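Listing of query_19.txt; format and content: compact mmCIF, N, CA, C and O atoms.
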# COMPACT_ATOMS: atom_id res chain seq x y z
N MET A 1 37.50 25.52 64.20
CA MET A 1 36.59 26.66 64.22
C MET A 1 37.32 27.80 64.94
O MET A 1 37.92 27.61 65.98
N ASP A 2 37.26 28.98 64.35
CA ASP A 2 37.94 30.12 64.95
C ASP A 2 37.00 30.94 65.82
O ASP A 2 35.80 30.71 65.86
N THR A 3 37.55 31.90 66.52
CA THR A 3 36.80 32.67 67.50
C THR A 3 35.59 33.41 66.90
O THR A 3 34.52 33.39 67.50
N PRO A 4 35.72 34.08 65.73
CA PRO A 4 34.52 34.74 65.19
C PRO A 4 33.35 33.79 64.96
O PRO A 4 32.20 34.15 65.18
N SER A 5 33.63 32.57 64.54
CA SER A 5 32.56 31.60 64.32
C SER A 5 31.89 31.23 65.64
O SER A 5 30.67 31.11 65.72
N ILE A 6 32.70 31.04 66.68
CA ILE A 6 32.15 30.68 67.99
C ILE A 6 31.28 31.82 68.51
O ILE A 6 30.18 31.58 69.02
N ILE A 7 31.76 33.05 68.36
CA ILE A 7 30.97 34.21 68.80
C ILE A 7 29.67 34.28 68.01
O ILE A 7 28.60 34.51 68.58
N PHE A 8 29.74 34.05 66.70
CA PHE A 8 28.53 34.08 65.87
C PHE A 8 27.51 33.06 66.36
O PHE A 8 26.34 33.37 66.53
N TYR A 9 27.97 31.83 66.60
CA TYR A 9 27.05 30.79 67.04
C TYR A 9 26.45 31.11 68.40
O TYR A 9 25.27 30.88 68.62
N CYS A 10 27.27 31.64 69.31
CA CYS A 10 26.76 31.94 70.66
C CYS A 10 25.76 33.09 70.66
O CYS A 10 24.76 33.05 71.38
N ILE A 11 26.03 34.12 69.87
CA ILE A 11 25.17 35.30 69.89
C ILE A 11 23.96 35.16 68.96
O ILE A 11 22.86 35.57 69.29
N PHE A 12 24.18 34.57 67.79
CA PHE A 12 23.10 34.51 66.81
C PHE A 12 22.56 33.10 66.56
O PHE A 12 21.35 32.91 66.48
N GLY A 13 23.42 32.14 66.43
CA GLY A 13 23.00 30.80 66.05
C GLY A 13 22.16 30.08 67.08
O GLY A 13 21.06 29.61 66.78
N ILE A 14 22.67 29.99 68.29
CA ILE A 14 21.94 29.26 69.34
C ILE A 14 20.60 29.92 69.65
O ILE A 14 19.58 29.23 69.69
N PRO A 15 20.55 31.25 69.86
CA PRO A 15 19.23 31.87 70.07
C PRO A 15 18.28 31.68 68.89
O PRO A 15 17.07 31.52 69.08
N TYR A 16 18.83 31.68 67.68
CA TYR A 16 18.00 31.45 66.50
C TYR A 16 17.34 30.07 66.55
O TYR A 16 16.13 29.94 66.33
N PHE A 17 18.13 29.05 66.86
CA PHE A 17 17.57 27.70 66.93
C PHE A 17 16.54 27.59 68.05
O PHE A 17 15.51 26.94 67.88
N ILE A 18 16.81 28.21 69.18
CA ILE A 18 15.85 28.17 70.29
C ILE A 18 14.55 28.86 69.89
O ILE A 18 13.46 28.34 70.12
N PHE A 19 14.67 30.03 69.25
CA PHE A 19 13.48 30.75 68.80
C PHE A 19 12.70 29.95 67.77
O PHE A 19 11.46 29.87 67.83
N MET A 20 13.38 29.35 66.81
CA MET A 20 12.70 28.57 65.78
C MET A 20 12.02 27.34 66.38
O MET A 20 10.93 26.97 65.98
N TYR A 21 12.67 26.71 67.35
CA TYR A 21 12.05 25.57 68.02
C TYR A 21 10.77 26.01 68.73
O TYR A 21 9.73 25.36 68.62
N TRP A 22 10.85 27.12 69.43
CA TRP A 22 9.68 27.66 70.12
C TRP A 22 8.57 27.99 69.12
O TRP A 22 7.40 27.70 69.35
N LEU A 23 8.95 28.58 67.98
CA LEU A 23 7.98 28.96 66.96
C LEU A 23 7.27 27.73 66.39
O LEU A 23 6.05 27.74 66.22
N VAL A 24 8.01 26.67 66.13
CA VAL A 24 7.42 25.44 65.60
C VAL A 24 6.49 24.82 66.65
O VAL A 24 5.42 24.32 66.32
N LYS A 25 6.89 24.88 67.92
CA LYS A 25 6.03 24.33 68.98
C LYS A 25 4.72 25.11 69.11
O LYS A 25 3.71 24.54 69.52
N GLN A 26 4.73 26.38 68.75
CA GLN A 26 3.51 27.19 68.82
C GLN A 26 2.52 26.84 67.72
O GLN A 26 1.34 27.10 67.84
N ASP A 27 3.02 26.25 66.64
CA ASP A 27 2.19 25.89 65.50
C ASP A 27 1.40 24.63 65.84
O ASP A 27 1.94 23.54 65.90
N LYS A 28 0.12 24.78 66.06
CA LYS A 28 -0.71 23.66 66.51
C LYS A 28 -0.96 22.63 65.41
O LYS A 28 -1.26 21.47 65.69
N GLN A 29 -0.88 23.02 64.15
CA GLN A 29 -1.19 22.09 63.07
C GLN A 29 0.05 21.35 62.55
O GLN A 29 -0.04 20.49 61.71
N LYS A 30 1.23 21.73 63.03
CA LYS A 30 2.49 21.05 62.69
C LYS A 30 2.72 20.97 61.18
O LYS A 30 2.89 19.89 60.61
N TYR A 31 2.73 22.11 60.54
CA TYR A 31 2.98 22.13 59.09
C TYR A 31 4.42 21.71 58.79
O TYR A 31 5.37 22.24 59.35
N ALA A 32 4.56 20.78 57.89
CA ALA A 32 5.89 20.30 57.49
C ALA A 32 6.65 21.37 56.71
O ALA A 32 7.87 21.43 56.76
N TRP A 33 5.91 22.21 55.98
CA TRP A 33 6.58 23.27 55.21
C TRP A 33 7.31 24.24 56.13
O TRP A 33 8.41 24.70 55.81
N GLY A 34 6.73 24.56 57.25
CA GLY A 34 7.38 25.46 58.19
C GLY A 34 8.68 24.89 58.73
O GLY A 34 9.70 25.57 58.80
N ILE A 35 8.66 23.62 59.07
CA ILE A 35 9.86 22.96 59.58
C ILE A 35 10.92 22.88 58.48
O ILE A 35 12.10 23.12 58.72
N ALA A 36 10.49 22.56 57.26
CA ALA A 36 11.43 22.49 56.14
C ALA A 36 12.05 23.85 55.87
O ALA A 36 13.26 23.95 55.65
N LEU A 37 11.25 24.89 55.90
CA LEU A 37 11.76 26.24 55.65
C LEU A 37 12.74 26.66 56.73
O LEU A 37 13.81 27.21 56.44
N ILE A 38 12.42 26.37 57.97
CA ILE A 38 13.33 26.70 59.08
C ILE A 38 14.65 25.95 58.92
O ILE A 38 15.72 26.51 59.13
N THR A 39 14.59 24.70 58.52
CA THR A 39 15.80 23.91 58.34
C THR A 39 16.66 24.48 57.22
O THR A 39 17.88 24.61 57.36
N VAL A 40 16.03 24.85 56.11
CA VAL A 40 16.77 25.42 54.98
C VAL A 40 17.43 26.74 55.40
O VAL A 40 18.62 26.98 55.10
N ILE A 41 16.70 27.60 56.09
CA ILE A 41 17.26 28.87 56.54
C ILE A 41 18.43 28.64 57.49
O ILE A 41 19.47 29.31 57.39
N ALA A 42 18.31 27.69 58.39
CA ALA A 42 19.38 27.40 59.34
C ALA A 42 20.63 26.88 58.62
O ALA A 42 21.75 27.30 58.92
N VAL A 43 20.45 25.98 57.67
CA VAL A 43 21.58 25.45 56.91
C VAL A 43 22.26 26.56 56.12
O VAL A 43 23.50 26.66 56.09
N LEU A 44 21.47 27.43 55.48
CA LEU A 44 22.05 28.55 54.75
C LEU A 44 22.81 29.50 55.67
O LEU A 44 23.89 29.99 55.32
N ALA A 45 22.28 29.75 56.85
CA ALA A 45 22.95 30.63 57.80
C ALA A 45 24.29 30.05 58.23
O ALA A 45 25.30 30.77 58.32
N ILE A 46 24.34 28.76 58.48
CA ILE A 46 25.59 28.11 58.86
C ILE A 46 26.59 28.18 57.71
O ILE A 46 27.77 28.49 57.92
N TYR A 47 26.13 27.93 56.50
CA TYR A 47 27.02 27.99 55.32
C TYR A 47 27.60 29.39 55.14
O TYR A 47 28.80 29.55 54.93
N VAL A 48 26.74 30.40 55.22
CA VAL A 48 27.20 31.78 55.06
C VAL A 48 28.19 32.15 56.16
O VAL A 48 29.21 32.80 55.90
N SER A 49 27.93 31.72 57.37
CA SER A 49 28.84 32.00 58.48
C SER A 49 30.21 31.39 58.23
O SER A 49 31.24 32.04 58.45
N GLN A 50 30.23 30.15 57.78
CA GLN A 50 31.51 29.49 57.52
C GLN A 50 32.27 30.17 56.38
O GLN A 50 33.48 30.35 56.46
N LYS A 51 31.56 30.56 55.32
CA LYS A 51 32.20 31.24 54.20
C LYS A 51 32.77 32.58 54.65
O LYS A 51 33.89 32.94 54.29
N ALA A 52 32.00 33.35 55.42
CA ALA A 52 32.45 34.65 55.88
C ALA A 52 33.66 34.51 56.79
O ALA A 52 34.61 35.30 56.71
N SER A 53 33.65 33.52 57.65
CA SER A 53 34.80 33.30 58.54
C SER A 53 36.04 32.92 57.75
O SER A 53 37.14 33.39 58.05
N LYS A 54 35.87 32.11 56.71
CA LYS A 54 37.01 31.71 55.89
C LYS A 54 37.59 32.91 55.15
O LYS A 54 38.80 33.09 55.11
N VAL A 55 36.73 33.75 54.60
CA VAL A 55 37.20 34.94 53.89
C VAL A 55 37.92 35.88 54.85
O VAL A 55 38.98 36.42 54.53
N ALA A 56 37.37 36.05 56.04
CA ALA A 56 38.00 36.93 57.04
C ALA A 56 39.37 36.39 57.43
O ALA A 56 40.34 37.17 57.55
N MET A 57 39.49 35.09 57.64
CA MET A 57 40.78 34.50 58.00
C MET A 57 41.78 34.62 56.85
O MET A 57 42.95 34.91 57.07
N ASP A 58 41.32 34.42 55.62
CA ASP A 58 42.21 34.58 54.47
C ASP A 58 42.71 36.02 54.37
O ASP A 58 43.90 36.26 54.10
N ASN A 59 41.82 36.98 54.58
CA ASN A 59 42.22 38.39 54.54
C ASN A 59 43.22 38.70 55.64
O ASN A 59 44.19 39.43 55.42
N TYR A 60 43.00 38.16 56.82
CA TYR A 60 43.91 38.39 57.94
C TYR A 60 45.30 37.81 57.64
O TYR A 60 46.31 38.46 57.89
N GLN A 61 45.33 36.60 57.11
CA GLN A 61 46.62 35.99 56.79
C GLN A 61 47.35 36.78 55.71
O GLN A 61 48.56 36.97 55.79
N GLN A 62 46.62 37.28 54.71
CA GLN A 62 47.25 38.08 53.66
C GLN A 62 47.78 39.39 54.25
O GLN A 62 48.85 39.86 53.88
N HIS A 63 47.03 39.97 55.18
CA HIS A 63 47.47 41.19 55.84
C HIS A 63 48.77 40.95 56.61
O HIS A 63 49.67 41.79 56.59
N GLN A 64 48.88 39.80 57.26
CA GLN A 64 50.11 39.47 57.98
C GLN A 64 51.29 39.35 57.03
O GLN A 64 52.38 39.86 57.31
N ILE A 65 51.08 38.71 55.89
CA ILE A 65 52.14 38.57 54.89
C ILE A 65 52.56 39.95 54.37
O ILE A 65 53.76 40.25 54.28
N ASP A 66 51.58 40.79 54.06
CA ASP A 66 51.88 42.14 53.57
C ASP A 66 52.63 42.96 54.61
O ASP A 66 53.57 43.68 54.29
N SER A 67 52.24 42.85 55.87
CA SER A 67 52.89 43.60 56.94
C SER A 67 54.34 43.18 57.10
O SER A 67 55.23 44.02 57.28
N ARG A 68 54.58 41.88 57.04
CA ARG A 68 55.97 41.40 57.15
C ARG A 68 56.81 41.91 55.98
O ARG A 68 57.97 42.29 56.17
N GLN A 69 56.25 41.95 54.79
CA GLN A 69 56.99 42.44 53.62
C GLN A 69 57.30 43.93 53.76
O GLN A 69 58.41 44.36 53.47
N ILE A 70 56.34 44.69 54.25
CA ILE A 70 56.56 46.13 54.45
C ILE A 70 57.64 46.36 55.50
O ILE A 70 58.54 47.19 55.32
N GLU A 71 57.59 45.62 56.61
CA GLU A 71 58.62 45.74 57.64
C GLU A 71 60.00 45.40 57.09
O GLU A 71 60.98 46.08 57.38
N HIS A 72 60.07 44.34 56.30
CA HIS A 72 61.34 43.94 55.70
C HIS A 72 61.86 45.03 54.77
O HIS A 72 63.05 45.37 54.80
N ASP A 73 60.98 45.57 53.93
CA ASP A 73 61.38 46.63 53.01
C ASP A 73 61.87 47.86 53.75
O ASP A 73 62.86 48.49 53.35
N GLU A 74 61.19 48.24 54.84
CA GLU A 74 61.61 49.41 55.62
C GLU A 74 62.95 49.17 56.30
O GLU A 74 63.78 50.07 56.38
N LYS A 75 63.17 47.95 56.76
CA LYS A 75 64.46 47.62 57.40
C LYS A 75 65.58 47.70 56.38
O LYS A 75 66.64 48.28 56.66
N VAL A 76 65.37 47.14 55.21
CA VAL A 76 66.39 47.18 54.15
C VAL A 76 66.64 48.63 53.75
O VAL A 76 67.80 49.05 53.57
N ASP A 77 65.58 49.42 53.61
CA ASP A 77 65.72 50.81 53.22
C ASP A 77 66.48 51.62 54.26
O ASP A 77 67.34 52.44 53.93
N SER A 78 66.22 51.37 55.54
CA SER A 78 66.92 52.11 56.59
C SER A 78 68.40 51.72 56.65
O SER A 78 69.26 52.54 56.93
N LEU A 79 68.72 50.47 56.37
CA LEU A 79 70.11 50.04 56.34
C LEU A 79 70.86 50.64 55.16
O LEU A 79 72.06 50.93 55.25
N ASN A 80 70.16 50.82 54.05
CA ASN A 80 70.79 51.41 52.85
C ASN A 80 71.05 52.90 53.00
O ASN A 80 71.94 53.44 52.35
N HIS A 81 70.29 53.59 53.84
CA HIS A 81 70.43 55.04 53.99
C HIS A 81 71.37 55.44 55.12
O HIS A 81 71.54 56.61 55.41
N LYS A 82 72.01 54.51 55.79
CA LYS A 82 72.95 54.83 56.86
C LYS A 82 74.25 55.31 56.36
O LYS A 82 74.79 55.25 55.43

Here is a file; write its structure as structure tokens.
Amino acid sequence: MDTPSIIFYCIFGIPYFIFMYWLVKQDKQKYAWGIALITVIAVLAIYVSQKASKVAMDNYQQHQIDSRQIEHDEKVDSLNHK
């Protein structure tokens, strides 16, 4: 797990679960649909977070590759113009 995922869980995920737990405890009739809906939303949020983190890491790695290629091209170009 990378740093953006940890930050996401600490700022959004954990408070979300605490809030949802509190919300379910407030429901005196204990509707199963509410618990099921909360579970589905939580699972979807985790999935989206993981996908977004993966895309961000892929973009970062591609940026690193592109930067190295640009640096190499500039070095070769500067050596050719001496």

Rounded to one decimal, what separation in Å do you get between atom C of Val43 in chain A and CA of Gly13 in chain A? 10.8 Å

Sphere at (10.9, 24.6, 61.1), radius 12 Å, counting only C-alpha atoms: residues as a list in words: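 Here the neighbourhood of the point contains Tyr16, Phe17, Ile18, Phe19, Met20, Tyr21, Trp22, Leu23, Val24, Lys25, Gln26, Asp27, Lys30, Tyr31, Ala32, Trp33, Gly34, Ile35, Ala36, Leu37, Ile38, Thr39, Val40, Ile41, Ala42 and Val43 of chain A.
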
Distance CA of Ile46 in chain A-atom N of Phe12 in chain A, one decimal place? 11.1 Å

What is the distance, in Å and to one decimal place, between CA of Leu44 in chain A and CA of Asp58 in chain A? 21.0 Å

For Ile7 in chain A, the nearest of the candidates A:Val76, A:His81, A:Val48, A:Ser53, counting only C-alpha atoms: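 Residue with the minimum atom-to-atom distance to Ile7 in chain A: A:Ser53.
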